[in-house]
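start.tsv follows (TSV, C-alpha atoms (C1' of nucleotides)):
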```tsv
chain	number	residue	atom	x	y	z
A	15	MET	CA	13.05	-6.69	-33.45
A	16	VAL	CA	13.61	-6.24	-29.75
A	17	GLU	CA	11.29	-4.20	-27.56
A	18	GLN	CA	13.26	-1.21	-26.37
A	19	GLU	CA	12.98	-0.73	-22.62
A	20	MET	CA	12.99	3.05	-22.78
A	21	PRO	CA	14.32	4.48	-19.51
A	22	VAL	CA	10.97	5.82	-18.28
A	23	LYS	CA	11.07	9.21	-16.63
A	24	TYR	CA	8.79	10.22	-13.82
A	25	THR	CA	7.79	13.71	-12.75
A	26	PRO	CA	9.30	15.40	-9.71
A	27	SER	CA	5.95	15.14	-8.01
A	28	MET	CA	5.72	11.42	-8.64
A	29	GLU	CA	9.21	10.84	-7.32
A	30	ASP	CA	8.34	12.87	-4.24
A	31	TYR	CA	5.32	10.70	-3.54
A	32	LEU	CA	7.26	7.50	-4.00
A	33	GLU	CA	10.06	8.75	-1.79
A	34	ALA	CA	7.63	9.80	0.93
A	35	ILE	CA	5.84	6.46	0.82
A	36	ALA	CA	9.11	4.56	1.04
A	37	ASN	CA	10.30	6.65	3.97
A	38	LEU	CA	7.00	6.30	5.82
A	39	GLY	CA	7.02	2.58	5.15
A	40	GLU	CA	10.26	2.24	7.07
A	41	ARG	CA	8.69	3.09	10.41
A	42	THR	CA	5.00	2.47	10.03
A	43	LYS	CA	3.97	-0.81	8.49
A	44	ALA	CA	0.79	0.72	7.10
A	45	VAL	CA	1.11	3.93	5.11
A	46	ARG	CA	-1.92	6.21	5.07
A	47	VAL	CA	-3.10	8.96	2.78
A	48	SER	CA	-3.13	11.52	5.60
A	49	GLN	CA	0.50	10.83	6.47
A	50	ILE	CA	1.63	11.30	2.92
A	51	GLY	CA	-0.26	14.56	2.79
A	52	GLN	CA	1.44	15.80	5.92
A	53	VAL	CA	4.90	14.88	4.79
A	54	LEU	CA	4.50	16.48	1.38
A	55	ASP	CA	2.40	19.38	2.63
A	56	VAL	CA	-0.54	18.79	0.31
A	57	LYS	CA	-4.20	18.11	1.02
A	58	MET	CA	-5.65	14.63	1.03
A	59	PRO	CA	-7.49	14.90	-2.26
A	60	SER	CA	-4.18	15.70	-3.92
A	61	VAL	CA	-2.76	12.52	-2.48
A	62	THR	CA	-5.71	10.45	-3.62
A	63	SER	CA	-5.41	11.68	-7.18
A	64	ALA	CA	-1.64	11.27	-7.16
A	65	LEU	CA	-2.09	7.68	-6.02
A	66	LYS	CA	-4.43	7.16	-8.94
A	67	ARG	CA	-1.72	8.30	-11.34
A	68	LEU	CA	0.88	6.16	-9.61
A	69	SER	CA	-1.41	3.12	-9.69
A	70	ASP	CA	-1.99	3.56	-13.39
A	71	LYS	CA	1.76	3.36	-13.87
A	72	GLU	CA	1.98	0.32	-11.58
A	73	LEU	CA	4.16	2.08	-9.06
A	74	VAL	CA	1.87	1.66	-6.06
A	75	ARG	CA	-0.97	-0.56	-4.90
A	76	HIS	CA	-3.85	1.18	-3.20
A	77	GLU	CA	-7.43	0.19	-2.60
A	78	ARG	CA	-10.25	2.46	-1.53
A	79	TYR	CA	-9.86	3.44	2.12
A	80	GLY	CA	-7.01	0.98	2.40
A	81	TYR	CA	-3.29	1.14	2.90
A	82	VAL	CA	-0.69	2.25	0.40
A	83	GLU	CA	2.12	0.00	-0.79
A	84	LEU	CA	4.88	0.36	-3.29
A	85	THR	CA	5.13	-2.21	-6.06
A	86	SER	CA	8.61	-3.55	-6.70
A	87	LYS	CA	8.85	-1.13	-9.61
A	88	GLY	CA	7.79	1.71	-7.31
A	89	GLU	CA	10.32	0.62	-4.77
A	90	GLU	CA	13.05	0.73	-7.35
A	91	VAL	CA	12.20	4.28	-8.34
A	92	ALA	CA	11.89	5.33	-4.70
A	93	ASN	CA	15.25	3.84	-3.81
A	94	GLU	CA	16.96	5.48	-6.75
A	95	THR	CA	15.45	8.81	-5.76
A	96	ILE	CA	16.51	8.37	-2.16
A	97	ARG	CA	20.01	7.47	-3.31
A	98	ARG	CA	20.23	10.74	-5.23
A	99	HIS	CA	18.79	12.65	-2.32
A	100	LYS	CA	21.31	11.29	0.14
A	101	ALA	CA	24.25	11.88	-2.15
A	102	LEU	CA	23.26	15.49	-2.70
A	103	SER	CA	22.52	16.17	0.93
A	104	ARG	CA	25.90	14.74	1.92
A	105	PHE	CA	27.61	16.82	-0.70
A	106	PHE	CA	25.99	20.03	0.48
A	107	THR	CA	26.80	19.46	4.11
A	108	GLU	CA	30.22	17.85	3.82
A	109	ALA	CA	31.68	19.56	0.79
A	110	LEU	CA	29.96	22.94	0.79
A	111	SER	CA	29.43	23.35	4.56
A	112	ILE	CA	25.75	24.04	4.19
A	113	ASP	CA	23.41	23.57	7.12
A	114	LYS	CA	21.36	20.39	7.29
A	115	LYS	CA	18.01	22.05	6.68
A	116	THR	CA	19.02	23.92	3.54
A	117	ALA	CA	20.93	20.87	2.33
A	118	GLU	CA	17.79	18.77	2.66
A	119	GLU	CA	15.61	21.31	0.88
A	120	ASP	CA	18.00	21.69	-2.01
A	121	ALA	CA	18.56	17.95	-2.29
A	122	CYS	CA	14.76	17.53	-2.48
A	123	LYS	CA	14.61	19.76	-5.52
A	124	ILE	CA	17.80	18.86	-7.30
A	125	GLU	CA	17.39	15.10	-6.92
A	126	HIS	CA	14.73	15.25	-9.65
A	127	VAL	CA	16.79	16.99	-12.27
A	128	ILE	CA	20.48	16.20	-11.87
A	129	SER	CA	22.11	14.08	-14.57
A	130	PRO	CA	23.61	10.68	-13.77
A	131	LEU	CA	27.06	11.97	-14.60
A	132	SER	CA	26.90	14.95	-12.29
A	133	LEU	CA	25.47	12.83	-9.55
A	134	ASP	CA	28.34	10.44	-9.95
A	135	ARG	CA	30.80	13.30	-9.66
A	136	VAL	CA	29.12	14.68	-6.61
A	137	ILE	CA	29.43	11.27	-4.98
A	138	LYS	CA	33.07	10.91	-6.02
A	139	PHE	CA	33.81	14.37	-4.71
A	140	VAL	CA	32.60	13.50	-1.25
A	141	GLU	CA	34.47	10.21	-1.33
A	142	PHE	CA	37.59	12.06	-2.33
A	143	ILE	CA	37.31	14.66	0.38
A	144	ARG	CA	36.75	11.96	2.96
A	145	ALA	CA	39.61	9.83	1.76
A	146	CYS	CA	42.36	12.26	0.86
A	147	PRO	CA	44.21	13.69	3.87
A	148	GLN	CA	45.73	16.74	2.19
A	149	GLY	CA	43.29	17.50	-0.56
A	150	GLY	CA	40.61	16.15	1.66
A	151	ALA	CA	40.82	16.50	5.41
A	152	ASN	CA	42.44	19.88	5.07
A	153	PHE	CA	40.36	21.00	2.23
A	154	PRO	CA	37.07	21.39	4.04
A	155	LYS	CA	38.89	23.08	6.89
A	156	ARG	CA	40.49	25.61	4.58
A	157	TYR	CA	37.29	26.12	2.76
A	158	GLN	CA	35.55	26.70	6.06
A	159	TYR	CA	38.16	29.29	6.96
A	160	TYR	CA	37.53	31.07	3.71
A	161	LEU	CA	33.81	31.06	4.40
A	162	ASP	CA	34.28	32.36	7.93
A	163	HIS	CA	36.86	35.04	7.23
A	164	GLY	CA	36.32	35.93	3.62
A	165	GLU	CA	40.00	35.51	2.90
A	166	LEU	CA	42.37	32.65	2.35
A	167	PRO	CA	44.10	30.88	5.23
A	168	GLU	CA	47.87	31.27	5.70
A	169	GLU	CA	48.81	27.94	4.08
A	170	CYS	CA	47.26	29.02	0.83
A	171	LEU	CA	49.17	32.26	0.57
A	172	GLU	CA	52.71	31.18	1.45
A	173	ARG	CA	53.10	28.87	-1.42
A	174	SER	CA	56.85	28.18	-1.28
A	175	LEU	CA	57.01	27.45	2.41
A	176	ARG	CA	57.96	23.85	2.15
A	177	GLY	CA	61.05	24.18	-0.02
A	178	ARG	CA	59.43	24.21	-3.41
A	179	LYS	CA	61.64	26.12	-5.83
B	29	MET	CA	1.57	49.83	7.29
B	30	VAL	CA	4.16	49.15	4.64
B	31	GLU	CA	3.37	47.18	1.51
B	32	GLN	CA	5.40	44.00	1.70
B	33	GLU	CA	7.28	43.41	-1.55
B	34	MET	CA	6.91	39.66	-1.45
B	35	PRO	CA	9.79	38.03	-3.32
B	36	VAL	CA	7.74	36.84	-6.27
B	37	LYS	CA	8.61	33.41	-7.60
B	38	TYR	CA	8.41	32.47	-11.23
B	39	THR	CA	8.10	29.01	-12.72
B	40	PRO	CA	11.06	27.21	-14.31
B	41	SER	CA	9.36	27.58	-17.65
B	42	MET	CA	8.95	31.33	-17.23
B	43	GLU	CA	12.56	31.74	-16.24
B	44	ASP	CA	13.60	29.71	-19.25
B	45	TYR	CA	11.65	31.97	-21.57
B	46	LEU	CA	13.07	35.13	-20.01
B	47	GLU	CA	16.58	33.74	-20.16
B	48	ALA	CA	16.18	32.76	-23.80
B	49	ILE	CA	14.81	36.16	-24.74
B	50	ALA	CA	17.65	37.92	-22.96
B	51	ASN	CA	20.25	35.76	-24.66
B	52	LEU	CA	18.70	36.19	-28.08
B	53	GLY	CA	18.46	39.93	-27.49
B	54	GLU	CA	22.22	40.13	-27.13
B	55	ARG	CA	22.88	39.29	-30.77
B	56	THR	CA	19.70	40.05	-32.61
B	57	LYS	CA	18.07	43.39	-31.98
B	58	ALA	CA	14.63	42.01	-32.70
B	59	VAL	CA	13.61	38.81	-30.96
B	60	ARG	CA	11.02	36.67	-32.73
B	61	VAL	CA	8.64	33.98	-31.60
B	62	SER	CA	10.18	31.40	-33.92
B	63	GLN	CA	13.65	31.94	-32.50
B	64	ILE	CA	12.46	31.47	-28.96
B	65	GLY	CA	10.73	28.28	-30.04
B	66	GLN	CA	13.90	26.95	-31.59
B	67	VAL	CA	16.07	27.74	-28.61
B	68	LEU	CA	13.67	26.19	-26.11
B	69	ASP	CA	12.61	23.37	-28.39
B	70	VAL	CA	8.90	24.10	-28.24
B	71	LYS	CA	6.38	24.90	-30.97
B	72	MET	CA	5.36	28.44	-31.78
B	73	PRO	CA	1.91	28.26	-30.21
B	74	SER	CA	3.57	27.34	-26.94
B	75	VAL	CA	5.69	30.46	-27.22
B	76	THR	CA	2.72	32.66	-27.99
B	77	SER	CA	0.83	31.46	-24.98
B	78	ALA	CA	3.88	31.73	-22.74
B	79	LEU	CA	4.32	35.32	-23.89
B	80	LYS	CA	0.74	35.95	-22.90
B	81	ARG	CA	1.46	34.74	-19.39
B	82	LEU	CA	4.65	36.78	-19.22
B	83	SER	CA	2.89	39.89	-20.48
B	84	ASP	CA	0.22	39.50	-17.84
B	85	LYS	CA	2.97	39.59	-15.24
B	86	GLU	CA	4.61	42.59	-16.93
B	87	LEU	CA	7.80	40.71	-17.69
B	88	VAL	CA	7.73	41.18	-21.46
B	89	ARG	CA	6.21	43.50	-24.03
B	90	HIS	CA	4.80	41.84	-27.11
B	91	GLU	CA	2.30	42.96	-29.69
B	92	ARG	CA	0.57	40.78	-32.25
B	93	TYR	CA	3.00	39.74	-35.00
B	94	GLY	CA	5.55	42.09	-33.50
B	95	TYR	CA	8.85	41.77	-31.72
B	96	VAL	CA	9.43	40.60	-28.20
B	97	GLU	CA	11.11	42.76	-25.58
B	98	LEU	CA	11.84	42.34	-21.91
B	99	THR	CA	10.51	44.92	-19.51
B	100	SER	CA	12.98	46.14	-16.91
B	101	LYS	CA	11.38	43.77	-14.46
B	102	GLY	CA	11.75	40.94	-16.97
B	103	GLU	CA	15.34	41.89	-17.53
B	104	GLU	CA	16.02	41.70	-13.82
B	105	VAL	CA	14.61	38.21	-13.57
B	106	ALA	CA	16.47	37.12	-16.69
B	107	ASN	CA	19.76	38.46	-15.41
B	108	GLU	CA	19.34	36.82	-12.06
B	109	THR	CA	18.58	33.53	-13.78
B	110	ILE	CA	21.58	33.88	-16.05
B	111	ARG	CA	23.75	34.66	-13.05
B	112	ARG	CA	22.67	31.42	-11.40
B	113	HIS	CA	23.16	29.53	-14.62
B	114	LYS	CA	26.70	30.74	-15.10
B	115	ALA	CA	27.69	30.09	-11.52
B	116	LEU	CA	26.43	26.52	-11.70
B	117	SER	CA	27.95	25.82	-15.07
B	118	ARG	CA	31.32	27.11	-13.87
B	119	PHE	CA	31.07	25.00	-10.76
B	120	PHE	CA	30.35	21.85	-12.71
B	121	THR	CA	33.18	22.33	-15.16
B	122	GLU	CA	35.82	23.82	-12.87
B	123	ALA	CA	35.14	22.10	-9.58
B	124	LEU	CA	33.63	18.78	-10.64
B	125	SER	CA	35.41	18.33	-13.99
B	126	ILE	CA	32.22	17.79	-15.87
B	127	ASP	CA	32.07	18.30	-19.62
B	128	LYS	CA	30.65	21.55	-20.93
B	129	LYS	CA	27.53	20.04	-22.45
B	130	THR	CA	26.42	18.18	-19.32
B	131	ALA	CA	27.34	21.17	-17.19
B	132	GLU	CA	25.09	23.38	-19.29
B	133	GLU	CA	22.19	20.95	-19.18
B	134	ASP	CA	22.38	20.52	-15.44
B	135	ALA	CA	22.80	24.24	-14.85
B	136	CYS	CA	19.65	24.79	-16.92
B	137	LYS	CA	17.64	22.60	-14.60
B	138	ILE	CA	19.19	23.42	-11.27
B	139	GLU	CA	19.22	27.19	-11.75
B	140	HIS	CA	15.47	27.17	-11.14
B	141	VAL	CA	15.50	25.37	-7.83
B	142	ILE	CA	18.74	26.04	-5.96
B	143	SER	CA	18.54	28.12	-2.79
B	144	PRO	CA	20.34	31.46	-2.51
B	145	LEU	CA	22.59	30.05	0.19
B	146	SER	CA	23.70	27.04	-1.80
B	147	LEU	CA	24.25	29.19	-4.84
B	148	ASP	CA	26.42	31.47	-2.79
B	149	ARG	CA	28.47	28.52	-1.59
B	150	VAL	CA	28.87	27.17	-5.08
B	151	ILE	CA	30.22	30.53	-6.15
B	152	LYS	CA	32.53	30.78	-3.17
B	153	PHE	CA	33.76	27.28	-3.82
B	154	VAL	CA	34.87	28.14	-7.32
B	155	GLU	CA	36.47	31.36	-6.11
B	156	PHE	CA	38.32	29.40	-3.48
B	157	ILE	CA	39.59	26.78	-5.86
B	158	ARG	CA	40.77	29.47	-8.23
B	159	ALA	CA	42.46	31.49	-5.54
B	160	CYS	CA	44.04	28.99	-3.23
B	161	PRO	CA	47.24	27.44	-4.58
B	162	GLN	CA	47.35	24.37	-2.33
B	163	GLY	CA	43.74	23.74	-1.57
B	164	GLY	CA	42.94	25.14	-4.95
B	165	ALA	CA	45.30	24.72	-7.86
B	166	ASN	CA	46.33	21.31	-6.64
B	167	PHE	CA	42.93	20.30	-5.59
B	168	PRO	CA	41.33	19.99	-9.01
B	169	LYS	CA	44.42	18.22	-10.25
B	170	ARG	CA	44.26	15.66	-7.49
B	171	TYR	CA	40.57	15.28	-7.92
B	172	GLN	CA	41.11	14.72	-11.62
B	173	TYR	CA	43.66	12.03	-10.82
B	174	TYR	CA	41.16	10.33	-8.58
B	175	LEU	CA	38.58	10.45	-11.35
B	176	ASP	CA	41.00	9.10	-13.93
B	177	HIS	CA	42.57	6.32	-11.89
B	178	GLY	CA	39.95	5.50	-9.32
B	179	GLU	CA	42.51	5.80	-6.55
B	180	LEU	CA	44.20	8.57	-4.65
B	181	PRO	CA	47.36	10.26	-5.93
B	182	GLU	CA	50.66	9.76	-4.09
B	183	GLU	CA	50.58	13.05	-2.21
B	184	CYS	CA	47.37	12.09	-0.51
B	185	LEU	CA	48.66	8.82	0.82
B	186	GLU	CA	52.07	9.77	2.19
B	187	ARG	CA	50.80	12.16	4.73
B	188	SER	CA	53.95	12.77	6.76
B	189	LEU	CA	56.30	13.36	3.86
B	190	ARG	CA	57.05	16.95	4.60
B	191	GLY	CA	58.30	16.58	8.15
B	192	ARG	CA	54.98	16.77	9.95
B	193	LYS	CA	55.26	14.86	13.20
C	19	DT	C1'	-23.47	1.14	20.50
C	20	DA	C1'	-24.58	5.63	18.82
C	21	DA	C1'	-22.52	10.02	18.07
C	22	DA	C1'	-18.41	12.47	17.12
C	23	DA	C1'	-14.13	12.76	15.13
C	24	DT	C1'	-11.02	11.40	11.79
C	25	DC	C1'	-9.87	9.86	7.45
C	26	DA	C1'	-10.64	9.32	2.52
C	27	DT	C1'	-12.92	9.90	-1.77
C	28	DT	C1'	-15.56	12.19	-5.31
C	29	DA	C1'	-16.91	16.06	-7.91
C	30	DG	C1'	-15.67	20.01	-9.90
C	31	DA	C1'	-12.61	24.13	-10.63
C	32	DT	C1'	-8.13	26.21	-11.64
C	33	DT	C1'	-3.52	26.92	-13.55
C	34	DA	C1'	0.53	25.98	-16.21
C	35	DA	C1'	2.34	24.05	-20.02
C	36	DA	C1'	2.55	21.69	-23.84
C	37	DC	C1'	0.46	19.98	-28.41
C	38	DT	C1'	-2.15	19.83	-33.39
C	39	DA	C1'	-4.95	21.87	-36.91
C	40	DA	C1'	-6.70	25.76	-38.93
C	41	DT	C1'	-6.36	30.49	-40.00
C	42	DA	C1'	-4.31	34.96	-40.34
C	43	DT	C1'	-0.44	38.07	-41.30
C	44	DT	C1'	3.89	39.31	-43.05
C	45	DT	C1'	7.77	38.77	-45.92
C	46	DC	C1'	10.16	37.07	-49.64
C	47	DT	C1'	10.71	36.20	-54.59
C	48	DA	C1'	9.87	35.06	-59.37
D	28	DT	C1'	3.05	42.88	-57.55
D	29	DA	C1'	0.83	38.43	-57.00
D	30	DG	C1'	1.58	34.09	-55.20
D	31	DA	C1'	4.42	31.18	-52.24
D	32	DA	C1'	6.80	30.61	-48.08
D	33	DA	C1'	7.58	31.74	-43.60
D	34	DT	C1'	5.89	33.38	-39.43
D	35	DA	C1'	2.46	33.97	-35.86
D	36	DT	C1'	-1.99	33.49	-33.74
D	37	DT	C1'	-6.31	31.31	-32.40
D	38	DA	C1'	-9.08	27.57	-31.13
D	39	DG	C1'	-9.40	23.62	-28.90
D	40	DT	C1'	-7.31	19.34	-26.56
D	41	DT	C1'	-4.44	17.03	-23.14
D	42	DT	C1'	-1.96	16.09	-18.85
D	43	DA	C1'	-0.24	17.01	-14.36
D	44	DA	C1'	-0.97	18.97	-10.24
D	45	DT	C1'	-3.07	21.36	-7.07
D	46	DC	C1'	-7.29	23.19	-4.44
D	47	DT	C1'	-12.26	23.55	-1.95
D	48	DA	C1'	-16.68	21.69	-0.79
D	49	DA	C1'	-19.47	17.92	-0.17
D	50	DT	C1'	-20.07	13.23	0.86
D	51	DG	C1'	-18.92	8.67	2.34
D	52	DA	C1'	-16.36	5.27	5.39
D	53	DT	C1'	-13.95	4.02	9.44
D	54	DT	C1'	-12.45	4.51	13.99
D	55	DT	C1'	-12.67	6.32	18.52
D	56	DT	C1'	-14.95	7.29	22.61
D	57	DA	C1'	-18.38	8.66	25.87
```
Can the structure in the file be given as C-alpha cells, please?
Amino acid sequence: MVEQEMPVKYTPSMEDYLEAIANLGERTKAVRVSQIGQVLDVKMPSVTSALKRLSDKELVRHERYGYVELTSKGEEVANETIRRHKALSRFFTEALSIDKKTAEEDACKIEHVISPLSLDRVIKFVEFIRACPQGGANFPKRYQYYLDHGELPEECLERSLRGRK
Amino acid sequence: MVEQEMPVKYTPSMEDYLEAIANLGERTKAVRVSQIGQVLDVKMPSVTSALKRLSDKELVRHERYGYVELTSKGEEVANETIRRHKALSRFFTEALSIDKKTAEEDACKIEHVISPLSLDRVIKFVEFIRACPQGGANFPKRYQYYLDHGELPEECLERSLRGRK
DNA sequence: TAAAATCATTAGATTAAACTAATATTTCTA
DNA sequence: TAGAAATATTAGTTTAATCTAATGATTTTA
C-alpha cells in the first residue's frame, strides 16, 4: 500500500506570503518581517503569526528576531505561484490590453484560484498571439481598435475583399 | 455633506450563497436550507449561520424553519455576481476552448475577485470574437488548431500569400 | 555607551466560515 | 393521528487571518 502524496493545497494568504518572501529574497539577502508586512500591507504581528503557520507546514525557516528563509518546499510553492502570476499578468496586458497595474492586481487574486487547465490555455493563448502573424500580430491590433472605437475595424467588415467566393 | 455610498464588498462565500439562492429561486418558489447546502456542498448548520450573517446585512429574509428569500439588495448582488459568472464562463468556453465543467468551476472562483475593468475586457473580447469574421470567426478556429496540433496552422505561417508586399 | 528608534513578538480580541452532536420542528406515512 | 423521517436550529469547537496594545530585543546614533 503506497502512501498517496496528495497534492497539498495552500491558502491564498499562504501563497501570498511565500511569493512575497521569494520576491524579497531576490534583492535582499536577508528577508525581514517588516518588509513582508509592507509588501503585503499587513501589520507585523500578522506576519509573525503567518510565519508560524508556514513553519508548521515546513514552508519557511524562521527563528525569533531572525531572518526568514524559504525551505525548498516553500520555494517550490512560491515559484509555482509566481509562474501563475506572470502568466496571468502577461495575458491581461498582452491579450486583453489591460494596464499593468490592474493586470498585476487581478493576477494577484486569480493566481490562487485558477485551474491548471485554464492556466495552460491562458499561456497558450499568449504564445499563439505572439507567434501567429495573422491571427496574432493583427489580432491584438484589431482588438485594440475595437476597444478604442467601439466598432469593428474595416478588415473585419469587408469579408470577401480578398477574392473569397 | 453628502453621505458617501461606499461600494460595499461582500465575501466570496456570501456571494456564493446569494448566487445559489437566486438560482434556486428560479425553479422552486420556496428555497430551503437543505437545498442551499446541497448546491454549495456544505452542511445545514453552515447554511443557517451564513443566513444569519446575510440577514444582518439585509441581503436575505429568513425566519426560523421558514423559507429563504432575497431582499432587493440581495437580488442586486446576486444578479451582479451571476453576470460576472456568465461572462467568465462564456469567455473560457468560447475564447479559450475550455470544457464546460472547468469553465464553470473557474468562473465560480474568479467571479469573486476579478476587477470591473478586466471583466469588461473579457466581455468585449467575446463580443469581438463573435462579431469579427477574420479576427473572430477564424481566430478561434486557428487557436483550436494550435491547441490540437501544437503548431501554427498554414495561414499563420505563409504571411505574404495574399499579395501583401 | 546609554538613550532613542526601530523591529519583532506575545497576549488577547475579533470575524468569517466551516464542522459535529444534540435538540427542536415540521412533514410525511402507515 | 401517532410515530418515523426529514429538515432546521442551537451549542460549542476549530482554523485562518487579521487587528491593537503591551512588551521585549536589536540597532542606530548622539
Counting only C-alpha atoms (C1' of nucleotides), which residues of chain B sit at most 10 Å from some atom of chain C, and what is each one's closest atom pair with its distance in Å to one decimal, listed by chain and rising residue number, as a tab-separated table?
```
residue	atom	partner	partner_atom	distance
B:Thr39	CA	C:DA34	C1'	8.9
B:Ser41	CA	C:DA35	C1'	8.2
B:Val70	CA	C:DA36	C1'	8.1
B:Lys71	CA	C:DC37	C1'	8.1
B:Pro73	CA	C:DC37	C1'	8.6
B:Ser74	CA	C:DA36	C1'	6.5
B:Val75	CA	C:DA36	C1'	9.9
B:Ser77	CA	C:DA35	C1'	9.0
B:Ala78	CA	C:DA35	C1'	8.3
B:Arg81	CA	C:DA34	C1'	9.4
B:Arg92	CA	C:DT43	C1'	9.5
B:Tyr93	CA	C:DT43	C1'	7.4
```
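We find CA of Ala145 (chain A) and CA of Tyr173 (chain B) to be spaced 13.4 Å apart.
Across the model, the gap from CA of Thr56 (chain B) to CA of Phe120 (chain B) is 29.0 Å.
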Distance table requested - chain D against chain A, cut-off 10 Å, all atoms listed in the file: one row per qualifying residue with the closest atom pair and its distance in Å to one decimal, ordered by chain and rising residue number, as JSON lines.
```
{"residue": "D:DA43", "atom": "C1'", "partner": "A:Thr25", "partner_atom": "CA", "distance": 8.8}
{"residue": "D:DA44", "atom": "C1'", "partner": "A:Ser60", "partner_atom": "CA", "distance": 7.8}
{"residue": "D:DT45", "atom": "C1'", "partner": "A:Ser60", "partner_atom": "CA", "distance": 6.6}
{"residue": "D:DC46", "atom": "C1'", "partner": "A:Lys57", "partner_atom": "CA", "distance": 8.1}
{"residue": "D:DT47", "atom": "C1'", "partner": "A:Pro59", "partner_atom": "CA", "distance": 9.9}
{"residue": "D:DA52", "atom": "C1'", "partner": "A:Tyr79", "partner_atom": "CA", "distance": 7.5}
{"residue": "D:DT53", "atom": "C1'", "partner": "A:Tyr79", "partner_atom": "CA", "distance": 8.4}
```
Neighbours of region 108-118 of chain A within 8 Å (all atoms listed in the file; same-chain residues fewer than 3 positions away dropped), as a list in words? His99, Leu102, Ser103, Arg104, Phe105, Ala121, Cys122, Phe139, Val140, Ile143, Pro154 and Gln158 of chain A; Ser143, Leu145, Ser146, Arg149, Val150 and Phe153 of chain B
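The interatomic distance for the pair CA of Lys66 (chain A) and CA of Arg98 (chain A) works out to 25.2 Å.
Compared by their closest atoms to chain A, and using all atoms listed in the file, the residues B:Glu54, B:Glu91, B:Glu139, B:Glu43 rank with B:Glu139 nearest.
Considering only C-alpha atoms, the residue among A:Val22, A:Leu161, A:Leu84, A:Val45 positioned nearest to chain B is A:Leu161.
At a cut-off of 7 Å from (37.8, 16.6, -2.0), the residue set is Phe139, Val140, Phe142, Ile143, Arg144, Cys146, Gly149, Gly150 and Phe153 of chain A; Tyr171 of chain B (counting only C-alpha atoms (C1' of nucleotides)).
When all atoms listed in the file are used to compute distances to Ile128 (chain A), the closest of the residues A:Pro21, A:Thr62, A:Lys43, A:Pro26 turns out to be A:Pro26.
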In terms of only C-alpha atoms, the residue from B:Ile49, B:Leu180, B:Val105, B:Leu82 at minimal distance from chain A is B:Leu180
